[in-house]
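The structure file entry-v8.cif is reproduced below (mmCIF, C-alpha atoms).
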```cif
data_my_file
#
loop_
_atom_site.label_atom_id
_atom_site.label_comp_id
_atom_site.auth_asym_id
_atom_site.auth_seq_id
_atom_site.Cartn_x
_atom_site.Cartn_y
_atom_site.Cartn_z
CA MET Y 1 -32.84 -22.23 5.37
CA ILE Y 2 -29.54 -20.41 5.29
CA ASP Y 3 -28.36 -18.90 8.54
CA LYS Y 4 -24.69 -17.93 8.75
CA PHE Y 5 -25.00 -16.07 12.02
CA ILE Y 6 -22.84 -17.59 14.77
CA ASP Y 7 -23.23 -16.63 18.41
CA SER Y 8 -19.61 -16.02 19.27
CA ALA Y 9 -16.19 -15.49 17.75
CA ALA Y 10 -15.00 -18.56 19.68
CA ALA Y 11 -17.66 -20.76 18.07
CA ALA Y 12 -16.89 -19.34 14.62
CA LEU Y 13 -13.21 -20.31 14.90
CA ALA Y 14 -13.44 -23.53 16.91
CA ASP Y 15 -12.34 -25.74 14.00
CA VAL Y 16 -9.21 -23.87 12.86
CA PRO Y 17 -6.49 -26.57 12.81
CA ASP Y 18 -2.77 -26.21 13.44
CA GLY Y 19 -0.94 -25.35 10.23
CA ALA Y 20 -3.88 -23.53 8.65
CA THR Y 21 -3.42 -20.64 6.23
CA VAL Y 22 -5.38 -17.70 7.59
CA MET Y 23 -6.01 -14.42 5.79
CA ILE Y 24 -6.59 -11.50 8.11
CA GLY Y 25 -8.21 -8.38 6.69
CA GLY Y 26 -7.48 -4.81 7.62
CA PHE Y 27 -5.10 -2.02 6.84
CA GLY Y 28 -3.94 -0.52 10.08
CA ASN Y 29 -6.89 -0.62 12.41
CA ALA Y 30 -9.37 0.00 9.60
CA GLY Y 31 -11.05 -3.31 8.83
CA MET Y 32 -8.96 -5.29 11.29
CA PRO Y 33 -11.11 -8.07 12.81
CA ALA Y 34 -9.74 -7.54 16.32
CA GLN Y 35 -12.20 -9.76 18.19
CA LEU Y 36 -11.77 -12.63 15.71
CA ILE Y 37 -7.99 -12.44 16.15
CA ASP Y 38 -8.43 -12.47 19.94
CA ALA Y 39 -10.62 -15.55 19.57
CA LEU Y 40 -8.01 -17.23 17.36
CA ILE Y 41 -5.34 -16.58 20.00
CA ALA Y 42 -7.61 -18.05 22.70
CA GLN Y 43 -8.44 -21.04 20.47
CA GLY Y 44 -4.77 -22.00 20.36
CA ALA Y 45 -4.14 -23.03 16.73
CA LYS Y 46 -0.43 -22.85 15.94
CA ASP Y 47 2.02 -23.09 13.02
CA LEU Y 48 -0.25 -20.75 11.12
CA THR Y 49 0.55 -19.12 7.80
CA VAL Y 50 -0.91 -15.63 7.92
CA VAL Y 51 -1.71 -13.31 5.03
CA ASN Y 52 -2.07 -9.62 5.88
CA ASN Y 53 -0.73 -6.38 4.48
CA ASN Y 54 1.42 -5.81 7.55
CA ALA Y 55 2.89 -7.87 10.35
CA GLY Y 56 1.06 -6.45 13.32
CA ASN Y 57 1.17 -3.19 15.21
CA ALA Y 58 1.82 -2.58 18.91
CA ASP Y 59 0.59 -5.38 21.20
CA ALA Y 60 -2.92 -6.23 20.02
CA GLY Y 61 -4.45 -8.17 17.12
CA LEU Y 62 -2.01 -9.76 14.68
CA ALA Y 63 0.94 -8.50 16.77
CA ALA Y 64 -0.41 -10.47 19.73
CA LEU Y 65 -0.87 -13.59 17.55
CA ILE Y 66 2.78 -13.31 16.49
CA GLY Y 67 3.82 -12.54 20.07
CA ALA Y 68 2.07 -15.75 21.17
CA LYS Y 69 4.31 -17.64 18.68
CA ARG Y 70 1.41 -19.03 16.66
CA VAL Y 71 2.62 -17.80 13.28
CA LYS Y 72 5.28 -19.76 11.41
CA LYS Y 73 5.07 -17.78 8.18
CA ILE Y 74 3.66 -14.46 7.08
CA LEU Y 75 2.93 -13.14 3.60
CA CYS Y 76 2.75 -9.35 3.60
CA SER Y 77 3.95 -6.22 1.84
CA PHE Y 78 5.03 -4.01 4.71
CA PRO Y 79 6.15 -5.78 7.90
CA ARG Y 80 8.53 -3.16 9.24
CA GLN Y 81 6.83 -0.36 11.13
CA SER Y 82 7.66 1.81 14.09
CA ASP Y 83 5.53 -0.41 16.34
CA SER Y 84 6.03 -3.88 14.77
CA TRP Y 85 8.23 -5.06 17.64
CA HIS Y 86 6.63 -8.52 18.02
CA PHE Y 87 7.31 -9.31 14.37
CA ASP Y 88 10.78 -7.72 14.46
CA GLN Y 89 11.76 -9.84 17.42
CA ALA Y 90 10.40 -13.09 15.94
CA PHE Y 91 12.06 -12.32 12.58
CA HIS Y 92 15.48 -11.61 14.07
CA ALA Y 93 15.19 -14.73 16.23
CA GLY Y 94 14.50 -16.77 13.10
CA GLU Y 95 11.12 -17.87 14.44
CA ILE Y 96 9.02 -16.57 11.58
CA GLU Y 97 9.36 -16.91 7.83
CA LEU Y 98 8.63 -13.82 5.74
CA GLU Y 99 7.39 -13.82 2.15
CA LEU Y 100 7.53 -10.19 1.11
CA VAL Y 101 5.05 -9.44 -1.68
CA PRO Y 102 4.46 -6.08 -3.37
CA GLN Y 103 1.11 -4.77 -2.16
CA GLY Y 104 -0.65 -4.86 -5.53
CA THR Y 105 0.71 -8.32 -6.26
CA LEU Y 106 -0.51 -9.46 -2.84
CA ALA Y 107 -3.99 -8.12 -3.59
CA GLU Y 108 -4.07 -9.64 -7.07
CA ARG Y 109 -2.79 -13.04 -5.88
CA ILE Y 110 -5.65 -13.08 -3.37
CA ARG Y 111 -8.15 -11.95 -5.99
CA ALA Y 112 -6.84 -14.58 -8.44
CA ALA Y 113 -7.41 -17.34 -5.88
CA GLY Y 114 -11.01 -16.25 -5.42
CA ALA Y 115 -11.59 -15.95 -9.15
CA GLY Y 116 -10.18 -19.35 -10.15
CA ILE Y 117 -7.17 -17.95 -11.99
CA GLY Y 118 -4.20 -20.33 -12.22
CA ALA Y 119 -1.51 -17.62 -12.41
CA PHE Y 120 -1.04 -14.20 -13.94
CA TYR Y 121 1.66 -11.96 -15.39
CA THR Y 122 2.23 -8.61 -13.70
CA PRO Y 123 4.73 -5.87 -14.58
CA THR Y 124 5.27 -5.13 -10.89
CA ALA Y 125 8.70 -6.00 -9.49
CA PHE Y 126 10.22 -6.95 -12.85
CA GLY Y 127 13.98 -6.44 -12.66
CA THR Y 128 13.98 -6.28 -8.85
CA LYS Y 129 15.05 -8.60 -6.04
CA LEU Y 130 11.42 -9.59 -5.44
CA ALA Y 131 11.22 -11.16 -8.90
CA GLU Y 132 14.43 -13.18 -8.55
CA GLY Y 133 13.93 -16.82 -9.51
CA LYS Y 134 10.47 -16.17 -10.92
CA GLU Y 135 9.34 -16.93 -14.43
CA THR Y 136 9.20 -13.82 -16.60
CA ARG Y 137 7.83 -13.11 -20.03
CA ARG Y 138 7.90 -10.25 -22.51
CA ILE Y 139 4.42 -9.47 -23.80
CA GLY Y 140 4.28 -6.72 -26.39
CA ASP Y 141 6.81 -4.13 -25.29
CA ARG Y 142 6.70 -4.86 -21.56
CA ASP Y 143 8.25 -7.39 -19.23
CA TYR Y 144 6.13 -9.31 -16.75
CA VAL Y 145 6.59 -11.61 -13.76
CA LEU Y 146 4.50 -14.76 -13.30
CA GLU Y 147 2.66 -14.81 -9.98
CA TYR Y 148 0.49 -17.52 -8.44
CA PRO Y 149 -2.72 -17.23 -6.43
CA ILE Y 150 -2.81 -17.34 -2.63
CA HIS Y 151 -5.52 -19.64 -1.32
CA ALA Y 152 -6.47 -19.75 2.33
CA ASP Y 153 -8.23 -22.14 4.66
CA TYR Y 154 -9.80 -19.27 6.59
CA ALA Y 155 -10.33 -15.57 6.02
CA LEU Y 156 -11.05 -13.39 9.04
CA ILE Y 157 -12.49 -10.07 7.95
CA LYS Y 158 -14.40 -7.15 9.41
CA ALA Y 159 -17.44 -5.67 7.71
CA ASP Y 160 -20.13 -3.21 8.71
CA ARG Y 161 -23.50 -4.91 8.25
CA ALA Y 162 -24.59 -8.42 7.33
CA ASP Y 163 -27.77 -10.38 6.79
CA ARG Y 164 -28.15 -14.09 7.57
CA TRP Y 165 -27.19 -15.02 4.00
CA GLY Y 166 -23.80 -13.41 4.65
CA ASN Y 167 -24.23 -10.42 2.36
CA LEU Y 168 -21.86 -7.71 3.56
CA THR Y 169 -21.44 -3.96 3.43
CA TYR Y 170 -18.34 -2.14 4.62
CA ARG Y 171 -17.52 1.23 6.10
CA MET Y 172 -15.18 3.57 4.19
CA THR Y 173 -11.53 2.44 3.95
CA ALA Y 174 -12.25 -0.49 6.28
CA ARG Y 175 -13.24 -2.34 3.09
CA ASN Y 176 -9.61 -2.75 1.94
CA PHE Y 177 -8.80 -6.51 1.76
CA GLY Y 178 -12.21 -7.76 2.97
CA PRO Y 179 -13.95 -8.49 -0.34
CA ILE Y 180 -10.99 -10.24 -1.97
CA MET Y 181 -10.00 -12.26 1.09
CA ALA Y 182 -13.62 -13.37 1.48
CA SER Y 183 -13.45 -14.88 -2.00
CA ALA Y 184 -10.10 -16.61 -1.53
CA ALA Y 185 -10.73 -18.73 1.56
CA ARG Y 186 -12.45 -22.06 2.05
CA ILE Y 187 -14.15 -20.66 5.17
CA THR Y 188 -14.71 -16.91 5.49
CA VAL Y 189 -15.63 -15.56 8.90
CA ALA Y 190 -16.85 -11.97 9.06
CA GLN Y 191 -17.20 -9.94 12.20
CA VAL Y 192 -19.75 -7.20 11.67
CA ARG Y 193 -20.93 -4.16 13.57
CA ASP Y 194 -24.56 -4.95 12.97
CA THR Y 195 -26.80 -7.68 11.64
CA VAL Y 196 -30.01 -6.98 9.78
CA ALA Y 197 -33.00 -8.97 8.56
CA LEU Y 198 -32.91 -10.51 5.10
CA GLY Y 199 -34.08 -7.89 2.61
CA GLU Y 200 -32.87 -4.92 4.59
CA LEU Y 201 -29.64 -4.62 2.62
CA ASP Y 202 -30.32 -3.00 -0.73
CA PRO Y 203 -28.90 -5.45 -3.30
CA GLU Y 204 -27.37 -2.43 -5.05
CA VAL Y 205 -25.14 -1.70 -2.07
CA VAL Y 206 -24.06 -5.22 -1.14
CA VAL Y 207 -20.27 -5.26 -1.63
CA THR Y 208 -19.51 -8.87 -0.76
CA PRO Y 209 -22.29 -11.26 -1.84
CA GLY Y 210 -23.07 -13.95 0.72
CA ILE Y 211 -21.78 -16.73 -1.51
CA PHE Y 212 -18.27 -15.75 -0.35
CA VAL Y 213 -19.13 -15.69 3.35
CA HIS Y 214 -19.66 -18.70 5.62
CA ARG Y 215 -19.88 -17.45 9.18
CA VAL Y 216 -20.96 -14.07 10.57
CA VAL Y 217 -20.39 -12.89 14.13
CA ARG Y 218 -21.90 -9.67 15.40
CA ILE Y 219 -19.45 -7.72 17.53
CA ALA Y 220 -21.04 -4.57 18.91
CA PRO Y 221 -18.55 -1.71 18.81
CA LEU Y 222 -17.46 -0.13 22.05
CA ARG Y 223 -19.58 2.94 22.46
CA LYS Y 224 -17.68 6.16 22.13
CA VAL Y 225 -18.27 8.62 24.91
CA ALA Y 226 -20.06 11.56 23.35
CA MET K 1 22.59 28.79 -2.86
CA LYS K 2 19.25 28.67 -1.18
CA LYS K 3 18.30 25.03 -0.67
CA LEU K 4 14.57 24.43 -0.55
CA ASP K 5 13.11 23.00 2.62
CA ARG K 6 10.73 20.06 2.41
CA LYS K 7 7.66 22.25 2.20
CA GLN K 8 9.17 24.28 -0.61
CA ILE K 9 9.97 21.12 -2.60
CA ALA K 10 6.34 20.04 -2.09
CA ALA K 11 5.10 23.46 -3.23
CA ARG K 12 7.35 23.41 -6.32
CA LEU K 13 6.07 19.95 -7.27
CA ALA K 14 2.43 20.83 -6.61
CA ARG K 15 2.64 23.63 -9.19
CA ASP K 16 3.19 21.03 -11.94
CA ILE K 17 0.09 18.92 -11.26
CA PRO K 18 -2.58 19.91 -13.80
CA ASP K 19 -6.27 20.39 -13.21
CA GLY K 20 -8.21 17.13 -13.50
CA SER K 21 -5.34 14.83 -12.53
CA TYR K 22 -5.64 11.60 -10.56
CA VAL K 23 -2.67 11.49 -8.21
CA ASN K 24 -1.18 9.13 -5.62
CA LEU K 25 1.08 10.70 -3.01
CA GLY K 26 3.49 8.26 -1.38
CA ILE K 27 3.92 7.86 2.35
CA GLY K 28 6.13 10.40 4.11
CA LEU K 29 7.60 13.39 2.31
CA PRO K 30 5.29 13.22 -0.75
CA THR K 31 2.22 13.53 1.49
CA LEU K 32 3.23 17.20 2.00
CA VAL K 33 2.32 17.92 -1.63
CA ALA K 34 -1.39 17.78 -0.75
CA ASP K 35 -1.07 20.99 1.26
CA TYR K 36 0.21 22.95 -1.74
CA LEU K 37 -2.03 21.83 -4.62
CA PRO K 38 -3.51 24.96 -6.18
CA LYS K 39 -7.00 25.51 -4.84
CA ASP K 40 -8.42 26.43 -8.24
CA ARG K 41 -7.64 22.98 -9.67
CA GLU K 42 -9.71 19.82 -9.16
CA ILE K 43 -7.10 17.16 -8.38
CA VAL K 44 -8.29 13.75 -7.17
CA LEU K 45 -6.01 12.08 -4.64
CA HIS K 46 -5.84 8.28 -4.59
CA SER K 47 -4.61 6.13 -1.76
CA GLU K 48 -3.60 2.48 -2.03
CA ASN K 49 -5.91 1.32 0.72
CA GLY K 50 -8.93 1.97 -1.48
CA VAL K 51 -10.01 5.58 -1.73
CA LEU K 52 -10.28 8.32 -4.35
CA GLY K 53 -11.07 11.91 -3.44
CA ILE K 54 -9.12 12.43 -0.23
CA GLY K 55 -9.69 15.80 1.42
CA PRO K 56 -7.79 17.70 4.10
CA ARG K 57 -6.82 16.36 7.50
CA PRO K 58 -9.78 16.17 9.87
CA ALA K 59 -10.13 18.64 12.70
CA PRO K 60 -8.83 17.32 16.02
CA GLY K 61 -11.48 15.07 17.54
CA ALA K 62 -13.17 14.45 14.16
CA GLU K 63 -10.87 11.56 13.16
CA ASP K 64 -12.55 8.31 12.12
CA GLU K 65 -10.62 5.06 12.48
CA ASP K 66 -12.26 3.72 9.31
CA LEU K 67 -11.10 6.64 7.14
CA MET K 68 -7.34 6.50 6.63
CA ASN K 69 -4.77 7.03 3.92
CA ALA K 70 -2.02 4.54 3.06
CA GLY K 71 0.20 6.16 5.70
CA LYS K 72 -2.51 5.22 8.22
CA GLU K 73 -3.18 8.88 8.93
CA PRO K 74 -6.77 10.02 9.38
CA VAL K 75 -8.17 11.86 6.36
CA THR K 76 -11.48 13.30 5.14
CA MET K 77 -13.42 12.78 1.92
CA LEU K 78 -14.24 15.31 -0.77
CA LYS K 79 -17.60 15.37 -2.52
CA GLY K 80 -17.31 12.91 -5.40
CA GLY K 81 -15.00 10.55 -3.55
CA SER K 82 -15.31 6.77 -3.63
CA PHE K 83 -14.19 3.62 -1.84
CA PHE K 84 -13.10 0.32 -3.39
CA HIS K 85 -11.25 -2.84 -2.40
CA HIS K 86 -7.51 -3.41 -2.58
CA ALA K 87 -7.43 -5.35 -5.87
CA ASP K 88 -9.39 -2.58 -7.62
CA SER K 89 -7.13 0.00 -6.03
CA PHE K 90 -4.02 -1.63 -7.44
CA GLY K 91 -5.80 -2.33 -10.71
CA MET K 92 -6.08 1.45 -11.01
CA ILE K 93 -2.37 1.74 -10.36
CA ARG K 94 -1.07 -1.04 -12.63
CA GLY K 95 -3.73 -0.39 -15.24
CA ARG K 96 -2.22 3.03 -15.96
CA HIS K 97 -5.20 5.03 -14.76
CA LEU K 98 -3.27 7.27 -12.37
CA ASP K 99 -1.80 10.36 -14.02
CA TYR K 100 0.88 10.95 -11.40
CA CYS K 101 2.44 9.30 -8.42
CA VAL K 102 4.94 10.98 -6.15
CA LEU K 103 7.51 8.77 -4.41
CA GLY K 104 10.43 9.31 -2.11
CA ALA K 105 13.78 7.78 -3.06
CA PHE K 106 17.14 6.66 -1.76
CA GLN K 107 18.58 6.84 -5.28
CA VAL K 108 17.52 7.57 -8.85
CA SER K 109 19.80 6.62 -11.75
CA VAL K 110 20.37 8.49 -15.00
CA ALA K 111 18.28 5.80 -16.71
CA GLY K 112 15.37 6.48 -14.35
CA ASP K 113 15.87 3.41 -12.17
CA LEU K 114 14.37 3.95 -8.73
CA ALA K 115 15.60 2.58 -5.39
CA ASN K 116 13.40 3.45 -2.46
CA TRP K 117 12.42 0.33 -0.52
CA HIS K 118 15.50 -1.35 0.87
CA THR K 119 18.99 -0.27 1.86
CA GLY K 120 20.22 -3.80 1.30
CA ALA K 121 21.63 -3.98 4.84
CA PRO K 122 21.76 -7.67 5.79
CA ASP K 123 19.87 -7.33 9.07
CA ALA K 124 17.26 -4.87 7.79
CA ILE K 125 13.68 -6.09 7.62
CA PRO K 126 12.55 -5.34 4.07
CA ALA K 127 9.21 -3.62 3.46
CA VAL K 128 7.94 -2.64 0.01
CA GLY K 129 4.25 -1.74 0.27
CA GLY K 130 2.84 -0.39 -2.98
CA ALA K 131 6.01 1.29 -4.25
CA MET K 132 6.80 -1.30 -6.94
CA ASP K 133 3.24 -1.18 -8.27
CA LEU K 134 3.24 2.62 -8.41
CA ALA K 135 6.65 2.66 -10.10
CA VAL K 136 5.44 0.52 -13.02
CA GLY K 137 1.86 1.72 -13.11
CA ALA K 138 1.50 5.49 -12.87
CA LYS K 139 1.63 7.40 -16.17
CA ASN K 140 4.13 9.82 -14.61
CA VAL K 141 6.41 8.84 -11.76
CA LEU K 142 7.67 11.88 -9.88
CA VAL K 143 10.38 11.53 -7.28
CA MET K 144 10.70 13.97 -4.40
CA MET K 145 13.87 13.81 -2.33
CA GLU K 146 16.81 15.71 -0.96
CA HIS K 147 19.51 16.00 -3.60
CA LEU K 148 22.32 14.84 -1.35
CA THR K 149 22.58 12.37 1.49
CA LYS K 150 23.54 13.64 4.94
CA ASP K 151 27.22 13.05 4.13
CA GLY K 152 26.95 14.98 0.87
CA THR K 153 26.74 12.10 -1.61
CA SER K 154 24.42 12.61 -4.57
CA LYS K 155 21.21 10.57 -4.59
CA VAL K 156 21.11 11.01 -8.36
CA VAL K 157 23.53 8.33 -9.52
CA GLU K 158 24.95 6.63 -12.59
CA ARG K 159 23.70 3.24 -11.36
CA CYS K 160 21.70 2.50 -8.20
CA THR K 161 23.67 0.63 -5.56
CA TYR K 162 20.56 -0.05 -3.48
CA PRO K 163 18.06 -2.73 -4.59
CA LEU K 164 15.70 -1.43 -7.28
CA THR K 165 12.04 -0.61 -6.82
CA GLY K 166 11.56 -0.31 -10.56
CA ALA K 167 13.73 -0.06 -13.66
CA ARG K 168 13.55 2.96 -15.99
CA CYS K 169 10.40 4.24 -14.36
CA VAL K 170 11.13 7.77 -13.07
CA ASN K 171 10.01 10.69 -15.24
CA ARG K 172 10.98 13.71 -13.15
CA ILE K 173 13.00 14.39 -10.00
CA TYR K 174 12.24 17.23 -7.56
CA THR K 175 14.99 17.98 -5.06
CA ASP K 176 15.97 20.79 -2.75
CA LEU K 177 18.36 21.97 -5.46
CA ALA K 178 16.68 21.41 -8.81
CA VAL K 179 13.97 19.88 -10.96
CA ILE K 180 15.36 17.33 -13.41
CA ASP K 181 13.63 15.45 -16.23
CA VAL K 182 14.73 11.88 -16.92
CA LYS K 183 14.76 11.33 -20.66
CA ALA K 184 16.14 8.69 -23.01
CA ASP K 185 19.16 10.86 -23.78
CA GLY K 186 19.95 11.75 -20.17
CA LEU K 187 19.04 14.06 -17.33
CA HIS K 188 17.69 17.48 -18.33
CA VAL K 189 17.69 20.27 -15.78
CA VAL K 190 14.33 22.05 -15.80
CA ASP K 191 15.09 24.66 -13.18
CA LEU K 192 17.29 25.14 -10.15
CA VAL K 193 17.39 27.14 -6.94
CA ALA K 194 18.63 30.70 -6.71
CA ASP K 195 22.36 31.29 -6.43
CA LEU K 196 23.31 27.86 -7.76
CA SER K 197 25.05 27.62 -11.10
CA PHE K 198 24.44 24.78 -13.53
CA GLU K 199 28.09 23.82 -13.22
CA GLU K 200 27.94 23.65 -9.43
CA LEU K 201 24.74 21.58 -9.61
CA GLU K 202 26.43 19.17 -12.00
CA ARG K 203 29.48 18.96 -9.73
CA LEU K 204 27.34 18.18 -6.68
CA THR K 205 25.28 15.65 -8.63
CA GLY K 206 28.31 13.82 -9.92
CA VAL K 207 26.72 12.71 -13.19
CA ALA K 208 26.37 14.49 -16.51
CA LEU K 209 23.41 16.85 -16.71
CA ARG K 210 21.95 18.58 -19.74
CA LYS K 211 21.56 22.32 -19.62
CA PRO K 212 18.31 23.77 -20.89
CA ARG K 213 18.42 26.42 -23.62
CA GLU K 214 17.31 28.94 -21.04
CA LEU K 215 18.23 28.30 -17.42
CA VAL K 216 15.27 29.00 -15.12
CA THR K 217 15.75 29.91 -11.49
CA GLN K 218 12.94 28.83 -9.18
#
```
Show me the file's structure as structure tokens.
Amino acid sequence: MIDKFIDSAAAALADVPDGATVMIGGFGNAGMPAQLIDALIAQGAKDLTVVNNNAGNADAGLAALIGAKRVKKILCSFPRQSDSWHFDQAFHAGEIELELVPQGTLAERIRAAGAGIGAFYTPTAFGTKLAEGKETRRIGDRDYVLEYPIHADYALIKADRADRWGNLTYRMTARNFGPIMASAARITVAQVRDTVALGELDPEVVVTPGIFVHRVVRIAPLRKVA
Amino acid sequence: MKKLDRKQIAARLARDIPDGSYVNLGIGLPTLVADYLPKDREIVLHSENGVLGIGPRPAPGAEDEDLMNAGKEPVTMLKGGSFFHHADSFGMIRGRHLDYCVLGAFQVSVAGDLANWHTGAPDAIPAVGGAMDLAVGAKNVLVMMEHLTKDGTSKVVERCTYPLTGARCVNRIYTDLAVIDVKADGLHVVDLVADLSFEELERLTGVALRKPRELVTQ
């Protein structure tokens, strides 16, 4: 019997070791696994390498993880924002290493890891600072930059519904990095709004098949006041 | 001369987007273009975070945290819209499926090099987002910017002094003074604002411009 449901976010993240590479889904608040990040902060793992599109906003979520000095390196495309003060401070203090990756290259490096691709050539960033020192190649009439996959030990993502096999659906633009991060990590933990019985998810609408998902935690959303 | 304001630049650019186009509007200034797209054209807006078919801003109180554009502003969906993950979204961009993208810029060179992500200041935290992917991927890269910096220096330059976003990627520049095509043989003025002569535009720009056979005033 396959049952990937876990009772709590704390239990789902209990084995994250120091030094782990952790992908964190979300684009802004959409798809950000806030309760999993809170549980990771409480769990205490440090010297983490984090993969996310940004470097945290305001004081919650990834920003709080950085503020708690648990992140030694971040791979992202857009760290600097009006409210990225925890990252800004850590960066200027030399406490955090930044690998800046163009957003599409970030997505494709994650996808490549999940799909067993050893490396790929992309036209993005050719002739720019972000391609300095990288292998390049002319294919046909275009120039390309060689990029390598990003593998992770853990992926923390947020989805909408799940069954006990770990099949996932998403809600609107909260999908963003979820499906590709799920495929690129050794252990993928999904926090979901709702869990359903096996068979209730139409196979035609499953976005992330359960083979990519290892642990599922149901986090009921805070009810909005009508 | 009558410089265009930001809304007028957006309106001028929107006129050039044909019916049936798939378009990505960059964060900031380019987002304004959405408000001026002709209503009688079906134009599908793409956003990097994984959505096609973005509609108008939601009414106050109707925002949904799960429905955002790449600028993290709440949006709505049009009938026919779709969602997809980030790798598919950038596959659309790099795979040359988008007809147009509109980007802001610090500088554009006569060769069409674009600099829009980094001032190169040593203590600045760099951030690139999807700009480099859009620059190499969209079939037509349109730049929307003020013609001059605050101290009057042209942002259209012989060679970019800021770090590049993409080399030889810009097709057309829309500024508060003129619309300029970037072609292999140089910069061609398409039209310019009222009460500005070609010669004055060229003087302000500081690089050689090509005059069209018939000069069109906006």
Applied to the shown file, which residues does the PyMOL selection byres ((chain Y) within 6 of (chain K)) return, written as a short mmCIF file (atom, residue, chain, number, x, y, z; two decimals) with C-alpha atoms, keeping the file's coordinate frame?
```cif
data_model
loop_
_atom_site.label_atom_id
_atom_site.label_comp_id
_atom_site.auth_asym_id
_atom_site.auth_seq_id
_atom_site.Cartn_x
_atom_site.Cartn_y
_atom_site.Cartn_z
CA ALA Y 30 -9.37 0.00 9.60
CA SER Y 77 3.95 -6.22 1.84
CA PHE Y 78 5.03 -4.01 4.71
CA PRO Y 79 6.15 -5.78 7.90
CA ARG Y 80 8.53 -3.16 9.24
CA PRO Y 102 4.46 -6.08 -3.37
CA GLN Y 103 1.11 -4.77 -2.16
CA GLY Y 104 -0.65 -4.86 -5.53
CA ALA Y 107 -3.99 -8.12 -3.59
CA GLU Y 108 -4.07 -9.64 -7.07
CA THR Y 124 5.27 -5.13 -10.89
CA ALA Y 125 8.70 -6.00 -9.49
CA THR Y 128 13.98 -6.28 -8.85
CA MET Y 172 -15.18 3.57 4.19
CA THR Y 173 -11.53 2.44 3.95
CA ALA Y 174 -12.25 -0.49 6.28
CA ARG Y 175 -13.24 -2.34 3.09
CA ASN Y 176 -9.61 -2.75 1.94
CA PHE Y 177 -8.80 -6.51 1.76
#
```
**OP:** Starting from the displayed file, determine the output of the PyMOL selection byres ((chain K and resi 36) around 9) and express the residue list as a list in words.
**Re:** Lys7, Ala10, Ala11, Arg12, Leu13, Ala14, Arg15, Leu32, Val33, Ala34, Asp35, Leu37, Pro38 and Lys39 of chain K
**OP:** Report the residues retrieved by the PyMOL selection byres ((chain K and resi 18) around 10) from the displayed file, expressed as a list in words.
**Re:**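 Checking the PyMOL selection byres ((chain K and resi 18) around 10) against this file, the residues are Ala14, Arg15, Asp16, Ile17, Asp19, Gly20, Ser21, Tyr22, Leu37, Pro38, Arg41, Glu42, Ile43, Asp99 and Tyr100 of chain K.
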Subject >> Residue neighbourhood Phe198 (chain K), 10 Å, all atoms listed in the file, exclusion window fewer than 4 positions, as a ChimeraX atom specification >> reply: /K:178,189,191-193,202-204,209-212,215
Wanna dump the region 155-215 of chain Y-region 18-27 of chain Y contacts at 12 Å for me, each residue with its shortest atom pair and the distance in Å to one decimal, counting all atoms listed in the file, ordered by chain and number, as a Markdown table?
```
| residue | atom | partner | partner_atom | distance |
| --- | --- | --- | --- | --- |
| Y:Ala155 | CA | Y:Met23 | CA | 4.5 |
| Y:Leu156 | CA | Y:Ile24 | CA | 4.9 |
| Y:Ile157 | CA | Y:Gly25 | CA | 4.8 |
| Y:Lys158 | CA | Y:Gly25 | CA | 6.9 |
| Y:Ala159 | CA | Y:Gly25 | CA | 9.7 |
| Y:Tyr170 | CA | Y:Gly26 | CA | 11.6 |
| Y:Arg171 | CA | Y:Gly26 | CA | 11.8 |
| Y:Met172 | CA | Y:Phe27 | CA | 11.8 |
| Y:Thr173 | CA | Y:Phe27 | CA | 8.3 |
| Y:Ala174 | CA | Y:Gly26 | CA | 6.6 |
| Y:Arg175 | CA | Y:Gly26 | CA | 7.7 |
| Y:Asn176 | CA | Y:Gly26 | CA | 6.4 |
| Y:Phe177 | CA | Y:Gly25 | CA | 5.3 |
| Y:Gly178 | CA | Y:Gly25 | CA | 5.5 |
| Y:Pro179 | CA | Y:Gly25 | CA | 9.1 |
| Y:Ile180 | CA | Y:Gly25 | CA | 9.3 |
| Y:Met181 | CA | Y:Met23 | CA | 6.5 |
| Y:Ala182 | CA | Y:Met23 | CA | 8.8 |
| Y:Ser183 | CA | Y:Met23 | CA | 10.8 |
| Y:Ala184 | CA | Y:Met23 | CA | 8.7 |
| Y:Ala185 | CA | Y:Met23 | CA | 7.7 |
| Y:Arg186 | CA | Y:Val22 | CA | 10.0 |
| Y:Ile187 | CA | Y:Val22 | CA | 9.6 |
| Y:Thr188 | CA | Y:Met23 | CA | 9.1 |
| Y:Val189 | CA | Y:Ile24 | CA | 9.9 |
| Y:Ala190 | CA | Y:Gly25 | CA | 9.7 |
| Y:Gln191 | CA | Y:Gly25 | CA | 10.7 |
```
Original post:
Residues at most 10 Å from Thr76 (chain K), counting all atoms listed in the file, excluding those fewer than 2 positions away in the same chain, as number ranges by chain?
Top reply: K: 53-59, 62-64, 67-69, 74, 78, 81
Original post:
Hey, can you check how far CA of His214 (chain Y) sits from CA of Ala162 (chain Y)?
Top reply: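 These atoms are spaced 11.5 Å apart.
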Original post:
Contacts of Val192 (chain Y) at 8 Å or less, counting all atoms listed in the file, minus same-chain residues fewer than 5 places along, as a PyMOL selection string?
Top reply: chain Y and resi 158-162+216-220
Original post:
For the atom pair CA of Ala119 (chain Y) and CA of Arg142 (chain Y), what is the interatomic distance in Å to one decimal place?
Top reply: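 The value is 17.7 Å.
For the choices Y:Phe87, Y:Phe212, Y:Tyr154, Y:Phe120, the atom-to-atom distance to Leu48 (chain Y) is smallest for Y:Tyr154 when using only C-alpha atoms.
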To box region 158-176 of chain Y, take all atoms listed in the file, fit an axis-aligned box, add 8 Å on each side, and give centre and edge lengths in Å to one decimal, as AutoDock Vina command-line options.
```
--center_x -18.9 --center_y -5.7 --center_z 5.7 --size_x 34.5 --size_y 34.6 --size_z 23.5
```
